[in-house]
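Okay, start03.txt now, which holds compact mmCIF, N, CA and C atoms and all ligand atoms:
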```txt
# COMPACT_ATOMS: atom_id res chain seq x y z
N MET A 1 38.83 24.92 4.14
CA MET A 1 38.30 25.52 2.91
C MET A 1 36.78 25.40 2.87
N PRO A 2 36.11 26.53 2.86
CA PRO A 2 34.64 26.45 2.89
C PRO A 2 34.06 25.90 1.59
N CYS A 3 34.70 26.20 0.45
CA CYS A 3 34.15 25.74 -0.83
C CYS A 3 34.14 24.22 -0.89
N ASP A 4 35.26 23.62 -0.46
CA ASP A 4 35.34 22.16 -0.48
C ASP A 4 34.26 21.53 0.39
N THR A 5 34.05 22.17 1.54
CA THR A 5 33.03 21.64 2.45
C THR A 5 31.66 21.68 1.79
N ILE A 6 31.37 22.81 1.13
CA ILE A 6 30.07 22.94 0.47
C ILE A 6 29.92 21.90 -0.64
N CYS A 7 31.01 21.74 -1.43
CA CYS A 7 30.96 20.76 -2.50
C CYS A 7 30.71 19.36 -1.95
N LEU A 8 31.41 19.04 -0.89
CA LEU A 8 31.24 17.72 -0.26
C LEU A 8 29.80 17.53 0.21
N MET A 9 29.28 18.61 0.85
CA MET A 9 27.93 18.51 1.39
C MET A 9 26.91 18.31 0.28
N SER A 10 27.05 19.08 -0.82
CA SER A 10 26.07 18.95 -1.91
C SER A 10 26.18 17.58 -2.56
N LYS A 11 27.39 17.04 -2.61
CA LYS A 11 27.57 15.69 -3.14
C LYS A 11 26.82 14.68 -2.29
N LYS A 12 26.93 14.87 -0.99
CA LYS A 12 26.27 13.96 -0.05
C LYS A 12 24.77 14.01 -0.22
N ILE A 13 24.26 15.24 -0.42
CA ILE A 13 22.82 15.40 -0.56
C ILE A 13 22.34 14.77 -1.86
N ARG A 14 23.17 14.93 -2.92
CA ARG A 14 22.74 14.45 -4.22
C ARG A 14 22.72 12.92 -4.30
N THR A 15 23.49 12.26 -3.47
CA THR A 15 23.51 10.80 -3.51
C THR A 15 22.34 10.24 -2.70
N PRO A 16 21.35 9.68 -3.39
CA PRO A 16 20.21 9.14 -2.64
C PRO A 16 20.58 7.85 -1.92
N SER A 17 20.38 7.84 -0.62
CA SER A 17 20.86 6.69 0.15
C SER A 17 20.07 5.38 -0.10
N PRO A 18 18.72 5.41 -0.27
CA PRO A 18 18.04 4.12 -0.43
C PRO A 18 18.38 3.44 -1.76
N THR A 19 18.56 4.27 -2.85
CA THR A 19 18.83 3.67 -4.14
C THR A 19 20.30 3.33 -4.30
N ALA A 20 21.13 3.75 -3.33
CA ALA A 20 22.55 3.47 -3.41
C ALA A 20 22.79 1.97 -3.32
N ARG A 21 22.00 1.31 -2.46
CA ARG A 21 22.12 -0.15 -2.41
C ARG A 21 21.26 -0.74 -3.53
N SER A 22 21.80 -1.71 -4.21
CA SER A 22 21.09 -2.24 -5.37
C SER A 22 19.98 -3.19 -4.92
N VAL A 23 18.88 -3.13 -5.67
CA VAL A 23 17.75 -4.02 -5.43
C VAL A 23 17.73 -5.05 -6.53
N ILE A 24 17.82 -6.32 -6.15
CA ILE A 24 17.86 -7.38 -7.14
C ILE A 24 16.62 -8.25 -7.01
N LEU A 25 15.86 -8.34 -8.12
CA LEU A 25 14.64 -9.14 -8.13
C LEU A 25 14.80 -10.26 -9.16
N GLY A 26 14.74 -11.49 -8.68
CA GLY A 26 14.85 -12.62 -9.60
C GLY A 26 16.13 -12.58 -10.41
N GLY A 27 17.23 -12.11 -9.82
CA GLY A 27 18.52 -12.09 -10.49
C GLY A 27 18.75 -10.87 -11.35
N LYS A 28 17.78 -9.94 -11.38
CA LYS A 28 17.94 -8.74 -12.20
C LYS A 28 17.95 -7.50 -11.31
N GLU A 29 18.95 -6.64 -11.55
CA GLU A 29 19.07 -5.43 -10.74
C GLU A 29 18.15 -4.36 -11.28
N LEU A 30 17.43 -3.70 -10.37
CA LEU A 30 16.52 -2.63 -10.79
C LEU A 30 17.31 -1.37 -11.10
N THR A 31 16.84 -0.59 -12.09
CA THR A 31 17.44 0.71 -12.37
C THR A 31 16.97 1.69 -11.30
N ALA A 32 17.64 2.86 -11.26
CA ALA A 32 17.28 3.86 -10.25
C ALA A 32 15.83 4.30 -10.43
N ALA A 33 15.39 4.42 -11.70
CA ALA A 33 14.01 4.85 -11.97
C ALA A 33 13.03 3.80 -11.48
N GLN A 34 13.35 2.53 -11.72
CA GLN A 34 12.46 1.45 -11.26
C GLN A 34 12.38 1.42 -9.74
N CYS A 35 13.53 1.64 -9.10
CA CYS A 35 13.57 1.69 -7.64
C CYS A 35 12.68 2.81 -7.12
N ALA A 36 12.82 3.99 -7.75
CA ALA A 36 12.05 5.15 -7.32
C ALA A 36 10.55 4.88 -7.47
N ALA A 37 10.18 4.25 -8.60
CA ALA A 37 8.77 3.95 -8.85
C ALA A 37 8.24 2.98 -7.79
N GLN A 38 9.05 1.96 -7.47
CA GLN A 38 8.61 0.97 -6.48
C GLN A 38 8.50 1.59 -5.09
N GLN A 39 9.42 2.53 -4.79
CA GLN A 39 9.36 3.20 -3.49
C GLN A 39 8.12 4.08 -3.40
N ALA A 40 7.78 4.75 -4.53
CA ALA A 40 6.58 5.60 -4.54
C ALA A 40 5.34 4.75 -4.30
N VAL A 41 5.29 3.57 -4.94
CA VAL A 41 4.15 2.68 -4.76
C VAL A 41 4.05 2.22 -3.30
N ARG A 42 5.22 1.90 -2.73
CA ARG A 42 5.22 1.41 -1.35
C ARG A 42 4.74 2.49 -0.38
N ARG A 43 5.18 3.73 -0.62
CA ARG A 43 4.73 4.84 0.22
C ARG A 43 3.23 5.03 0.10
N ALA A 44 2.72 4.99 -1.16
CA ALA A 44 1.29 5.17 -1.38
C ALA A 44 0.49 4.05 -0.73
N ARG A 45 1.05 2.82 -0.75
CA ARG A 45 0.40 1.68 -0.11
C ARG A 45 0.25 1.92 1.39
N THR A 46 1.35 2.38 2.00
CA THR A 46 1.33 2.64 3.44
C THR A 46 0.32 3.73 3.77
N GLN A 47 0.34 4.80 2.95
CA GLN A 47 -0.60 5.90 3.17
C GLN A 47 -2.04 5.42 3.07
N GLY A 48 -2.33 4.63 2.03
CA GLY A 48 -3.68 4.12 1.83
C GLY A 48 -4.12 3.27 3.01
N ALA A 49 -3.21 2.43 3.51
CA ALA A 49 -3.54 1.56 4.64
C ALA A 49 -3.84 2.39 5.88
N GLN A 50 -3.08 3.48 6.07
CA GLN A 50 -3.31 4.33 7.24
C GLN A 50 -4.68 5.01 7.15
N ILE A 51 -5.03 5.48 5.93
CA ILE A 51 -6.33 6.15 5.74
C ILE A 51 -7.46 5.16 6.01
N LEU A 52 -7.35 3.95 5.45
CA LEU A 52 -8.40 2.95 5.63
C LEU A 52 -8.54 2.56 7.10
N LEU A 53 -7.41 2.49 7.80
CA LEU A 53 -7.45 2.14 9.22
C LEU A 53 -8.16 3.23 10.02
N ALA A 54 -7.90 4.50 9.63
CA ALA A 54 -8.56 5.62 10.30
C ALA A 54 -10.06 5.57 10.05
N ILE A 55 -10.45 5.25 8.80
CA ILE A 55 -11.88 5.15 8.47
C ILE A 55 -12.51 4.01 9.28
N LEU A 56 -11.78 2.89 9.40
CA LEU A 56 -12.29 1.76 10.17
C LEU A 56 -12.53 2.16 11.63
N GLY A 57 -11.53 2.82 12.22
CA GLY A 57 -11.66 3.23 13.62
C GLY A 57 -12.82 4.20 13.81
N GLY A 58 -12.87 5.24 12.94
CA GLY A 58 -13.95 6.22 13.05
C GLY A 58 -15.31 5.60 12.79
N GLY A 59 -15.37 4.73 11.79
CA GLY A 59 -16.62 4.07 11.44
C GLY A 59 -17.13 3.21 12.58
N LEU A 60 -16.22 2.45 13.20
CA LEU A 60 -16.63 1.58 14.32
C LEU A 60 -17.13 2.41 15.50
N ALA A 61 -16.47 3.54 15.75
CA ALA A 61 -16.90 4.41 16.85
C ALA A 61 -18.30 4.96 16.59
N LEU A 62 -18.53 5.42 15.35
CA LEU A 62 -19.85 5.94 14.97
C LEU A 62 -20.92 4.85 15.09
N LEU A 63 -20.57 3.65 14.59
CA LEU A 63 -21.51 2.52 14.65
C LEU A 63 -21.86 2.20 16.09
N PHE A 64 -20.85 2.25 16.94
CA PHE A 64 -21.09 1.93 18.35
C PHE A 64 -22.07 2.94 18.96
N LEU A 65 -21.84 4.23 18.66
CA LEU A 65 -22.73 5.27 19.19
C LEU A 65 -24.15 5.07 18.67
N PHE A 66 -24.26 4.78 17.36
CA PHE A 66 -25.56 4.59 16.75
C PHE A 66 -26.27 3.39 17.38
N SER A 67 -25.55 2.29 17.55
CA SER A 67 -26.14 1.08 18.13
C SER A 67 -26.55 1.32 19.58
N PHE A 68 -25.75 2.09 20.27
CA PHE A 68 -26.08 2.42 21.66
C PHE A 68 -27.39 3.20 21.71
N TRP A 69 -27.53 4.14 20.77
CA TRP A 69 -28.76 4.93 20.67
C TRP A 69 -29.95 4.03 20.36
N VAL A 70 -29.77 3.07 19.41
CA VAL A 70 -30.83 2.14 19.05
C VAL A 70 -31.20 1.28 20.26
N SER A 71 -30.20 0.80 20.98
CA SER A 71 -30.49 -0.09 22.11
C SER A 71 -31.22 0.65 23.22
N ARG A 72 -31.00 1.96 23.33
CA ARG A 72 -31.72 2.75 24.32
C ARG A 72 -33.17 2.98 23.92
N ASN A 73 -33.37 3.23 22.60
CA ASN A 73 -34.69 3.62 22.11
C ASN A 73 -35.54 2.44 21.64
N ALA A 74 -34.90 1.38 21.15
CA ALA A 74 -35.66 0.20 20.74
C ALA A 74 -35.40 -0.91 21.76
N SER A 75 -34.47 -1.82 21.44
CA SER A 75 -34.12 -2.85 22.42
C SER A 75 -32.64 -3.16 22.32
N GLY A 76 -32.11 -3.82 23.34
CA GLY A 76 -30.69 -4.14 23.36
C GLY A 76 -30.29 -5.04 22.22
N SER A 77 -31.14 -6.04 21.91
CA SER A 77 -30.77 -6.99 20.85
C SER A 77 -30.82 -6.30 19.48
N ALA A 78 -31.74 -5.34 19.31
CA ALA A 78 -31.80 -4.61 18.04
C ALA A 78 -30.51 -3.80 17.87
N GLY A 79 -30.06 -3.19 18.95
CA GLY A 79 -28.82 -2.41 18.88
C GLY A 79 -27.65 -3.28 18.52
N LEU A 80 -27.57 -4.46 19.15
CA LEU A 80 -26.46 -5.38 18.87
C LEU A 80 -26.50 -5.86 17.43
N THR A 81 -27.72 -6.19 16.95
CA THR A 81 -27.87 -6.66 15.57
C THR A 81 -27.41 -5.60 14.59
N PHE A 82 -27.85 -4.35 14.81
CA PHE A 82 -27.44 -3.25 13.96
C PHE A 82 -25.93 -3.13 13.94
N PHE A 83 -25.33 -3.19 15.13
CA PHE A 83 -23.88 -3.01 15.24
C PHE A 83 -23.15 -4.09 14.46
N LEU A 84 -23.54 -5.36 14.66
CA LEU A 84 -22.84 -6.47 14.00
C LEU A 84 -23.01 -6.42 12.48
N LEU A 85 -24.25 -6.14 12.03
CA LEU A 85 -24.51 -6.09 10.60
C LEU A 85 -23.71 -4.98 9.93
N LEU A 86 -23.79 -3.79 10.51
CA LEU A 86 -23.12 -2.65 9.90
C LEU A 86 -21.60 -2.77 10.00
N ALA A 87 -21.12 -3.36 11.10
CA ALA A 87 -19.67 -3.55 11.24
C ALA A 87 -19.17 -4.52 10.18
N ALA A 88 -19.94 -5.59 9.92
CA ALA A 88 -19.55 -6.55 8.88
C ALA A 88 -19.53 -5.87 7.52
N LEU A 89 -20.53 -5.01 7.27
CA LEU A 89 -20.60 -4.27 6.01
C LEU A 89 -19.38 -3.35 5.86
N LEU A 90 -19.03 -2.69 6.94
CA LEU A 90 -17.88 -1.77 6.93
C LEU A 90 -16.59 -2.53 6.63
N PHE A 91 -16.42 -3.68 7.29
CA PHE A 91 -15.23 -4.50 7.07
C PHE A 91 -15.15 -4.93 5.60
N ALA A 92 -16.28 -5.39 5.05
CA ALA A 92 -16.30 -5.85 3.66
C ALA A 92 -15.96 -4.70 2.72
N LEU A 93 -16.57 -3.54 2.95
CA LEU A 93 -16.33 -2.38 2.10
C LEU A 93 -14.86 -1.99 2.11
N LEU A 94 -14.26 -1.95 3.31
CA LEU A 94 -12.86 -1.54 3.42
C LEU A 94 -11.94 -2.59 2.82
N TYR A 95 -12.32 -3.86 2.93
CA TYR A 95 -11.53 -4.93 2.34
C TYR A 95 -11.46 -4.75 0.83
N PHE A 96 -12.63 -4.50 0.22
CA PHE A 96 -12.66 -4.32 -1.24
C PHE A 96 -11.96 -3.02 -1.64
N ALA A 97 -12.15 -1.97 -0.84
CA ALA A 97 -11.50 -0.68 -1.13
C ALA A 97 -9.99 -0.83 -1.08
N ASN A 98 -9.51 -1.60 -0.10
CA ASN A 98 -8.07 -1.82 0.03
C ASN A 98 -7.52 -2.58 -1.17
N ASN A 99 -8.24 -3.65 -1.58
CA ASN A 99 -7.81 -4.41 -2.75
C ASN A 99 -7.76 -3.52 -3.99
N PHE A 100 -8.82 -2.73 -4.18
CA PHE A 100 -8.89 -1.84 -5.33
C PHE A 100 -7.69 -0.89 -5.34
N TRP A 101 -7.39 -0.30 -4.18
CA TRP A 101 -6.31 0.66 -4.05
C TRP A 101 -4.96 0.01 -4.35
N GLN A 102 -4.75 -1.20 -3.83
CA GLN A 102 -3.48 -1.90 -4.06
C GLN A 102 -3.25 -2.16 -5.54
N TRP A 103 -4.30 -2.58 -6.25
CA TRP A 103 -4.16 -2.85 -7.69
C TRP A 103 -4.00 -1.56 -8.46
N ARG A 104 -4.76 -0.54 -8.06
CA ARG A 104 -4.73 0.75 -8.76
C ARG A 104 -3.31 1.33 -8.75
N LEU A 105 -2.60 1.15 -7.64
CA LEU A 105 -1.25 1.70 -7.51
C LEU A 105 -0.28 1.04 -8.48
N LEU A 106 -0.54 -0.22 -8.82
CA LEU A 106 0.40 -0.97 -9.66
C LEU A 106 0.17 -0.75 -11.14
N LEU A 107 -0.89 0.02 -11.50
CA LEU A 107 -1.27 0.16 -12.91
C LEU A 107 -0.13 0.71 -13.77
N ASP A 108 0.70 1.60 -13.20
CA ASP A 108 1.75 2.24 -13.99
C ASP A 108 3.07 1.47 -13.95
N LEU A 109 3.13 0.42 -13.15
CA LEU A 109 4.40 -0.32 -13.02
C LEU A 109 4.50 -1.41 -14.07
N HIS A 110 5.75 -1.63 -14.51
CA HIS A 110 6.00 -2.70 -15.47
C HIS A 110 6.98 -3.70 -14.88
N CYS A 111 6.87 -4.93 -15.35
CA CYS A 111 7.74 -6.00 -14.85
C CYS A 111 9.19 -5.70 -15.26
N PRO A 112 10.17 -5.82 -14.35
CA PRO A 112 11.57 -5.57 -14.72
C PRO A 112 12.14 -6.67 -15.62
N HIS A 113 11.46 -7.79 -15.72
CA HIS A 113 11.98 -8.91 -16.53
C HIS A 113 11.42 -8.90 -17.94
N CYS A 114 10.08 -8.87 -18.07
CA CYS A 114 9.47 -8.98 -19.40
C CYS A 114 8.86 -7.67 -19.88
N GLU A 115 8.94 -6.61 -19.04
CA GLU A 115 8.45 -5.27 -19.41
C GLU A 115 6.94 -5.21 -19.58
N ALA A 116 6.23 -6.27 -19.30
CA ALA A 116 4.77 -6.25 -19.41
C ALA A 116 4.20 -5.51 -18.20
N PRO A 117 3.02 -4.88 -18.36
CA PRO A 117 2.42 -4.22 -17.20
C PRO A 117 2.08 -5.22 -16.11
N LEU A 118 2.26 -4.80 -14.86
CA LEU A 118 2.05 -5.73 -13.74
C LEU A 118 0.57 -6.01 -13.46
N VAL A 119 -0.30 -5.16 -14.03
CA VAL A 119 -1.73 -5.34 -13.77
C VAL A 119 -2.46 -5.50 -15.09
N ASP A 120 -3.18 -6.60 -15.26
CA ASP A 120 -4.00 -6.75 -16.45
C ASP A 120 -5.39 -6.14 -16.20
N ARG A 121 -5.93 -6.41 -15.03
CA ARG A 121 -7.17 -5.76 -14.61
C ARG A 121 -7.22 -5.76 -13.09
N ILE A 122 -8.12 -4.95 -12.54
CA ILE A 122 -8.21 -4.83 -11.09
C ILE A 122 -9.04 -5.97 -10.52
N HIS A 123 -8.47 -6.68 -9.56
CA HIS A 123 -9.19 -7.76 -8.90
C HIS A 123 -9.69 -7.25 -7.55
N TRP A 124 -11.00 -7.32 -7.35
CA TRP A 124 -11.56 -6.79 -6.10
C TRP A 124 -11.38 -7.74 -4.94
N THR A 125 -11.27 -9.01 -5.26
CA THR A 125 -11.37 -10.00 -4.19
C THR A 125 -10.04 -10.45 -3.63
N ARG A 126 -8.94 -10.03 -4.22
CA ARG A 126 -7.65 -10.43 -3.66
C ARG A 126 -6.62 -9.34 -3.86
N ARG A 127 -5.59 -9.40 -3.02
CA ARG A 127 -4.50 -8.43 -3.11
C ARG A 127 -3.51 -8.87 -4.18
N PRO A 128 -2.80 -7.89 -4.80
CA PRO A 128 -1.78 -8.27 -5.77
C PRO A 128 -0.59 -8.95 -5.10
N GLY A 129 0.02 -9.89 -5.80
CA GLY A 129 1.18 -10.59 -5.26
C GLY A 129 2.47 -9.88 -5.66
N TYR A 130 3.60 -10.50 -5.34
CA TYR A 130 4.89 -9.88 -5.64
C TYR A 130 5.43 -10.36 -6.98
N HIS A 131 4.72 -11.26 -7.64
CA HIS A 131 5.24 -11.83 -8.88
C HIS A 131 4.50 -11.30 -10.09
N CYS A 132 5.22 -11.27 -11.22
CA CYS A 132 4.64 -10.79 -12.48
C CYS A 132 3.59 -11.79 -12.97
N PRO A 133 2.40 -11.31 -13.39
CA PRO A 133 1.36 -12.24 -13.86
C PRO A 133 1.69 -12.82 -15.24
N HIS A 134 2.70 -12.28 -15.91
CA HIS A 134 3.02 -12.75 -17.27
C HIS A 134 4.15 -13.76 -17.26
N CYS A 135 5.28 -13.39 -16.65
CA CYS A 135 6.43 -14.31 -16.68
C CYS A 135 6.61 -15.04 -15.35
N GLY A 136 5.88 -14.64 -14.33
CA GLY A 136 5.93 -15.36 -13.06
C GLY A 136 7.14 -15.06 -12.21
N GLN A 137 7.99 -14.14 -12.67
CA GLN A 137 9.20 -13.81 -11.90
C GLN A 137 8.88 -12.76 -10.84
N GLU A 138 9.75 -12.69 -9.84
CA GLU A 138 9.62 -11.71 -8.78
C GLU A 138 9.68 -10.30 -9.40
N ALA A 139 8.63 -9.51 -9.22
CA ALA A 139 8.58 -8.21 -9.91
C ALA A 139 8.46 -7.03 -8.96
N LEU A 140 8.03 -7.28 -7.72
CA LEU A 140 7.87 -6.18 -6.77
C LEU A 140 8.83 -6.38 -5.62
N ALA A 141 9.54 -5.31 -5.26
CA ALA A 141 10.47 -5.40 -4.14
C ALA A 141 9.71 -5.23 -2.82
N THR A 142 10.16 -5.91 -1.80
CA THR A 142 9.56 -5.72 -0.48
C THR A 142 10.17 -4.48 0.16
N ALA A 143 9.58 -4.04 1.26
CA ALA A 143 10.09 -2.85 1.97
C ALA A 143 11.54 -3.08 2.37
N ARG A 144 11.85 -4.31 2.81
CA ARG A 144 13.21 -4.61 3.25
C ARG A 144 14.20 -4.49 2.10
N GLN A 145 13.79 -4.99 0.91
CA GLN A 145 14.68 -4.92 -0.25
C GLN A 145 14.91 -3.47 -0.68
N LEU A 146 13.89 -2.62 -0.47
CA LEU A 146 14.03 -1.21 -0.85
C LEU A 146 14.75 -0.41 0.22
N GLY A 147 15.14 -1.09 1.30
CA GLY A 147 15.87 -0.41 2.36
C GLY A 147 14.98 0.41 3.27
N GLU A 148 13.70 0.06 3.34
CA GLU A 148 12.78 0.81 4.19
C GLU A 148 12.22 -0.05 5.33
N GLY A 149 12.59 -1.33 5.30
CA GLY A 149 11.99 -2.26 6.24
C GLY A 149 12.42 -2.07 7.66
ZN ZN B 201 7.19 -10.36 -16.18
```

How would this structure read if it were set down as structure tokens?
Ligand SMILES: [Zn+2]
Amino acid sequence: MPCDTICLMSKKIRTPSPTARSVILGGKELTAAQCAAQQAVRRARTQGAQILLAILGGGLALLFLFSFWVSRNASGSAGLTFFLLLAALLFALLYFANNFWQWRLLLDLHCPHCEAPLVDRIHWTRRPGYHCPHCGQEALATARQLGEG
């Protein structure tokens, strides 16, 4: 029967496989909407990390070329100094940009336990943890818990 096959197929498509397994944080099961929100954040985190890594690679290559040019036209030690200084600056910038991005992504998420927002303000100097800043309970699922690990 072709109709039955189609019905079965559409049923299969409609059932989302990652949210089918329950995600339990601190003894509380996440709703499908909470799961979807956490998965979206995780995807955006991965994307952001890939972009920053690409910038790091491209930036280091450009710095190397620039330092090589300096070492040819000025002196070798000047080229090396330029490279080390600018590379350190690039690392620091990307570190802060990454922290900013990680916190920014969590702005719309709320704790599954106390419903408070997971971010009170953006911290530039550290990455967000997996626990709620208000009640201290586990609030963010890991990739493995979301079935993506
Ligand atoms: Zn909480």

Which residues are near ligand ZN 201 (chain B) - at most 5 Å, using only N, CA and C atoms and all ligand atoms? Format: as a list in words. Cys111, His113, Cys114, Cys132, His134, Cys135 and Gly136 of chain A

What gap, in Å, lies between atom CA of Leu52 of chain A and atom CA of Ala40 of chain A? 18.3 Å

Quick one: residues within 12 Å of segment 23-28 of chain A, only C-alpha atoms, excluding same-chain residues fewer than 5 positions away - as a ChimeraX atom specification? /A:18,33-36,38-39,111-114,130-132,135-148

Write the residues you've just listed into a file as an mmCIF file, in the frame of the given file, and include N, CA and C atoms for each of them.
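The result, written out as out.cif:
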```
data_model
loop_
_atom_site.group_PDB
_atom_site.id
_atom_site.type_symbol
_atom_site.label_atom_id
_atom_site.label_comp_id
_atom_site.auth_asym_id
_atom_site.auth_seq_id
_atom_site.Cartn_x
_atom_site.Cartn_y
_atom_site.Cartn_z
ATOM 1 N N PRO A 18 18.720 5.410 -0.270
ATOM 2 C CA PRO A 18 18.040 4.120 -0.430
ATOM 3 C C PRO A 18 18.380 3.440 -1.760
ATOM 4 N N ALA A 33 15.390 4.420 -11.700
ATOM 5 C CA ALA A 33 14.010 4.850 -11.970
ATOM 6 C C ALA A 33 13.030 3.800 -11.480
ATOM 7 N N GLN A 34 13.350 2.530 -11.720
ATOM 8 C CA GLN A 34 12.460 1.450 -11.260
ATOM 9 C C GLN A 34 12.380 1.420 -9.740
ATOM 10 N N CYS A 35 13.530 1.640 -9.100
ATOM 11 C CA CYS A 35 13.570 1.690 -7.640
ATOM 12 C C CYS A 35 12.680 2.810 -7.120
ATOM 13 N N ALA A 36 12.820 3.990 -7.750
ATOM 14 C CA ALA A 36 12.050 5.150 -7.320
ATOM 15 C C ALA A 36 10.550 4.880 -7.470
ATOM 16 N N GLN A 38 9.050 1.960 -7.470
ATOM 17 C CA GLN A 38 8.610 0.970 -6.480
ATOM 18 C C GLN A 38 8.500 1.590 -5.090
ATOM 19 N N GLN A 39 9.420 2.530 -4.790
ATOM 20 C CA GLN A 39 9.360 3.200 -3.490
ATOM 21 C C GLN A 39 8.120 4.080 -3.400
ATOM 22 N N CYS A 111 6.870 -4.930 -15.350
ATOM 23 C CA CYS A 111 7.740 -6.000 -14.850
ATOM 24 C C CYS A 111 9.190 -5.700 -15.260
ATOM 25 N N PRO A 112 10.170 -5.820 -14.350
ATOM 26 C CA PRO A 112 11.570 -5.570 -14.720
ATOM 27 C C PRO A 112 12.140 -6.670 -15.620
ATOM 28 N N HIS A 113 11.460 -7.790 -15.720
ATOM 29 C CA HIS A 113 11.980 -8.910 -16.530
ATOM 30 C C HIS A 113 11.420 -8.900 -17.940
ATOM 31 N N CYS A 114 10.080 -8.870 -18.070
ATOM 32 C CA CYS A 114 9.470 -8.980 -19.400
ATOM 33 C C CYS A 114 8.860 -7.670 -19.880
ATOM 34 N N TYR A 130 3.600 -10.500 -5.340
ATOM 35 C CA TYR A 130 4.890 -9.880 -5.640
ATOM 36 C C TYR A 130 5.430 -10.360 -6.980
ATOM 37 N N HIS A 131 4.720 -11.260 -7.640
ATOM 38 C CA HIS A 131 5.240 -11.830 -8.880
ATOM 39 C C HIS A 131 4.500 -11.300 -10.090
ATOM 40 N N CYS A 132 5.220 -11.270 -11.220
ATOM 41 C CA CYS A 132 4.640 -10.790 -12.480
ATOM 42 C C CYS A 132 3.590 -11.790 -12.970
ATOM 43 N N CYS A 135 5.280 -13.390 -16.650
ATOM 44 C CA CYS A 135 6.430 -14.310 -16.680
ATOM 45 C C CYS A 135 6.610 -15.040 -15.350
ATOM 46 N N GLY A 136 5.880 -14.640 -14.330
ATOM 47 C CA GLY A 136 5.930 -15.360 -13.060
ATOM 48 C C GLY A 136 7.140 -15.060 -12.210
ATOM 49 N N GLN A 137 7.990 -14.140 -12.670
ATOM 50 C CA GLN A 137 9.200 -13.810 -11.900
ATOM 51 C C GLN A 137 8.880 -12.760 -10.840
ATOM 52 N N GLU A 138 9.750 -12.690 -9.840
ATOM 53 C CA GLU A 138 9.620 -11.710 -8.780
ATOM 54 C C GLU A 138 9.680 -10.300 -9.400
ATOM 55 N N ALA A 139 8.630 -9.510 -9.220
ATOM 56 C CA ALA A 139 8.580 -8.210 -9.910
ATOM 57 C C ALA A 139 8.460 -7.030 -8.960
ATOM 58 N N LEU A 140 8.030 -7.280 -7.720
ATOM 59 C CA LEU A 140 7.870 -6.180 -6.770
ATOM 60 C C LEU A 140 8.830 -6.380 -5.620
ATOM 61 N N ALA A 141 9.540 -5.310 -5.260
ATOM 62 C CA ALA A 141 10.470 -5.400 -4.140
ATOM 63 C C ALA A 141 9.710 -5.230 -2.820
ATOM 64 N N THR A 142 10.160 -5.910 -1.800
ATOM 65 C CA THR A 142 9.560 -5.720 -0.480
ATOM 66 C C THR A 142 10.170 -4.480 0.160
ATOM 67 N N ALA A 143 9.580 -4.040 1.260
ATOM 68 C CA ALA A 143 10.090 -2.850 1.970
ATOM 69 C C ALA A 143 11.540 -3.080 2.370
ATOM 70 N N ARG A 144 11.850 -4.310 2.810
ATOM 71 C CA ARG A 144 13.210 -4.610 3.250
ATOM 72 C C ARG A 144 14.200 -4.490 2.100
ATOM 73 N N GLN A 145 13.790 -4.990 0.910
ATOM 74 C CA GLN A 145 14.680 -4.920 -0.250
ATOM 75 C C GLN A 145 14.910 -3.470 -0.680
ATOM 76 N N LEU A 146 13.890 -2.620 -0.470
ATOM 77 C CA LEU A 146 14.030 -1.210 -0.850
ATOM 78 C C LEU A 146 14.750 -0.410 0.220
ATOM 79 N N GLY A 147 15.140 -1.090 1.300
ATOM 80 C CA GLY A 147 15.870 -0.410 2.360
ATOM 81 C C GLY A 147 14.980 0.410 3.270
ATOM 82 N N GLU A 148 13.700 0.060 3.340
ATOM 83 C CA GLU A 148 12.780 0.810 4.190
ATOM 84 C C GLU A 148 12.220 -0.050 5.330
#
```

May I have the residues within 8 Å of segment 90-102 of chain A as a VMD selection string, using all atoms listed in the file and disregarding those fewer than 2 positions away in the same chain? chain A and resid 44 to 45 48 to 49 52 56 59 to 60 84 to 88 104 to 107 122 to 128

Taking the backbone alone, and naming residues the way the document does, which bits of chain A are strand (DSSP E) by DSSP, as a list in words?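 Reading the DSSP output for chain A, strand (DSSP E) covers Ile24, Leu25, Lys28 and Glu29 of chain A.
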
Of the candidates A:Leu30, A:Phe82, A:Val41, A:Ser22, which one gets nearest to Leu62 of chain A if we count only C-alpha atoms?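 Residue with the minimum atom-to-atom distance to Leu62 of chain A: A:Phe82.
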
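For the pair atom C of Pro117 of chain A and atom N of Gly129 of chain A, the separation is 11.5 Å.
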
Atom N of Asp108 of chain A to atom C of Arg42 of chain A, straight-line distance in Å: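 Atom-to-atom, atom C of Arg42 of chain A and atom N of Asp108 of chain A are spaced 13.5 Å apart.
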